[in-house]
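*Asks:* This is the structure I have questions about; it appears just below.
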Amino acid sequence: MKKLRKTQANKLDKFIKDHLLPHEEFRRQVNEAIDIICTFLKETCFQESTHPVRVSKVVKGGSSGKGTTLRGRSDADLVVFLTNLTSFREQLERRGEFIEEIRRQLEACQREKTFEVKFEVQKQQWKNPRALSFVLRSPKLDQEVEFDVLPAFDALGQLTKGYRPDPQIYVKLIQECENQRREGEFSPCFTELQRDFLKERPAKLKSLIRLVKHWYQLCKEQLGKPLPPQYALELLTVYAWEQGCNKTGFITAQGFQTVLKLVLKYQKLCIYWEKNYNSENPIIEEYLTKQLAKPRPVILDPADPTGNVAGKDANSWERLAQAALVWLDYPCFKKWDGSPVGSWDVSPQEHSDLMFQAYDFRQHYRPSPGIQFHGGASPQVEENWTCTIL
């Protein structure tokens with residue numbers, strides 16, 4: 001903690017390079033480990049299954065897939081898309097059997113010494129787990145690599161450049177989540193969109209994300225109490241950059257300070273992106289409005305509108321805000337003369353304000369069935385109309 005806390009603002013880029021960026025050799029080794037597991041899942045794992053099982057693709061998610069891995073933290077999420085799962089409901093009902101099959105085959109590989117690796121498969125705590133967790137060790141690796149493997153329904157199919165999901169995919173998702181009260185349950189189905197949302201960003205923004213993640217981990221170690229999900233901090237960093245800078249070159253300390261100041265405003269955070277879904281479809285529009293009207297903070301997953309990645313524990317945000325308040329007095333936010341380095345001008349809920357205004361307008365000024373507006377004319381708007389942000 002002292003290393004970052006005592007680092008001067010103009011030295012933060014060097015701090016990231018010296019302490020947070022993964023070594024190239026280690027990155028190569030982790031990718032090699034991932035390739036071993038991917039090949040196993042695609043070519044070996046389900047060969048002896050009672051019923052034919054076909055893997056359509058295996059997608060690397062998590063920080064490894066997004067390109068925001070921290071030095072010394074080797075974890076990988078692998079989402080296995082199975083053609084045998086044909087709906088969100090089937091994924092929920094059948095994922096347990098596929099996880100059990102993957103576990104059996106991993107343990108068989110360990111007994112038969114198929115690979116030059118040693119697997120340590122974690123015991124499952126739930127009857128219907130979302131993921132199989134295991135640790136891979138190999139003489140070729142400097143340290144072990146933790147894996148989470150998640151079976152999923154291939155809702156998106158093969159993605160091409162510029163791909164945008166069919167709104168009906170989200171309509172089905174929303175209906176399934178609302179019926180079963182399982183919001184965010186199917187986020188693995190959208191791993192590729194989550195990955196691409198961050199992977200395409202400038203290298204310096206990814207470095208800022210690493211810095212925020214490092215700060216988050218320091219707070220977690222010091223406080224020892226639950227904090228908001230780390231993914232929420234990653235998205236908050238992207239939002240801060242988009243709204244306050246949106247340039248490939250920027251002062252890292254200003255970006256870092258902007259994120260911490262947004263954490264202080266957690267009770268006003270209401271953020272979503274329109275890259276993959278928007279309000280053009282009436283079912284999605286109504287659902288988004290409900291989501292954005294929920295108690296703050298709200299940070300919707302850019303790939304999955306049912307997932308509020310900010311979590312439901314306001315106390316965890318309060319703990320993080322208290323930590324942020326203390327940190328803002330440290331040298332990493334000061335210029336050489338001791339004055340504040342400054343932050344970007346970012347609203348904690350800019351997009352959601354526009355969403356509410358548009359939705360509220362349509363609800364209040366939708367013409368009655370007997371009134372027709374011809375030639376594209378719009379209904380008259382009362383001059384004193386106002387929209388209250390919920």
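Letters A, B, ... go to the chains of the structure tokens in the order shown; residues in each chain start at 1; ligands are counted from 1 in the same order.
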Running DSSP on the backbone, which parts of stretch 57-284 of chain A land in strand (DSSP E or B), as a count of residues only?
*Replies:* 34
*Asks:* Give me, as a tab-separated table, each residue of stretch 136-156 of chain A that comes within 10 Å of stretch 26-33 of chain A, together with its shortest interatomic pair and the distance in Å at one decimal, counting only C-alpha atoms, with rows ordered by chain and rising residue number.
*Replies:*
residue	atom	partner	partner_atom	distance
A:Leu136	CA	A:Ala33	CA	7.8
A:Arg137	CA	A:Ala33	CA	9.0
A:Ser138	CA	A:Ala33	CA	8.5
A:Lys140	CA	A:Gln29	CA	7.5
A:Leu141	CA	A:Gln29	CA	6.1
A:Asp142	CA	A:Phe26	CA	7.4
A:Gln143	CA	A:Phe26	CA	8.8
A:Glu144	CA	A:Val30	CA	9.0
A:Val145	CA	A:Val30	CA	7.1
A:Glu146	CA	A:Val30	CA	9.9
A:Phe147	CA	A:Ala33	CA	9.8
*Asks:* Tell me which of A:Leu70, A:Ala9, A:Ile209, A:Val259 sits closest to A:Val341, counting only C-alpha atoms.
*Replies:*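 Comparing A:Leu70, A:Ala9, A:Ile209, A:Val259 against A:Val341, the winner is A:Ala9.
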*Asks:* Can you build me a table of stretch 292-315 of chain A residues sitting at most 12 Å from stretch 238-246 of chain A, with the closest atom pair per residue and its distance in Å to one decimal, using only C-alpha atoms, sorted by chain and residue number, as JSON lines?
*Replies:*
{"residue": "A:Ile299", "atom": "CA", "partner": "A:Tyr239", "partner_atom": "CA", "distance": 9.9}
{"residue": "A:Leu300", "atom": "CA", "partner": "A:Tyr239", "partner_atom": "CA", "distance": 11.5}
{"residue": "A:Asp301", "atom": "CA", "partner": "A:Tyr239", "partner_atom": "CA", "distance": 11.9}
{"residue": "A:Pro302", "atom": "CA", "partner": "A:Tyr239", "partner_atom": "CA", "distance": 10.9}
*Asks:* Take the selection from the previous step and output its residues with N, CA and C atoms, as a compact mmCIF listing (two decimals), in the first residue's frame.
*Replies:*
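The resulting file, result34.txt, is shown below:
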# COMPACT_ATOMS: atom_id res chain seq x y z
N ILE A 299 -25.19 0.38 -11.90
CA ILE A 299 -24.24 0.33 -13.03
C ILE A 299 -24.60 -0.92 -13.82
N LEU A 300 -25.27 -0.74 -14.94
CA LEU A 300 -25.71 -1.90 -15.71
C LEU A 300 -24.57 -2.46 -16.55
N ASP A 301 -24.47 -3.78 -16.56
CA ASP A 301 -23.50 -4.46 -17.40
C ASP A 301 -23.75 -4.06 -18.85
N PRO A 302 -22.73 -3.56 -19.56
CA PRO A 302 -22.94 -3.12 -20.95
C PRO A 302 -23.35 -4.24 -21.89
*Asks:* Excluding stretch 176-191 of chain A and its own-chain neighbours fewer than 4 positions away, which residues fall within 9 Å of it when counting only C-alpha atoms? Please give them as a PyMOL selection string.
*Replies:* chain A and resi 59-62+79+81+88-89+91-92+130+150-156+171-172+195-196+301+303-309
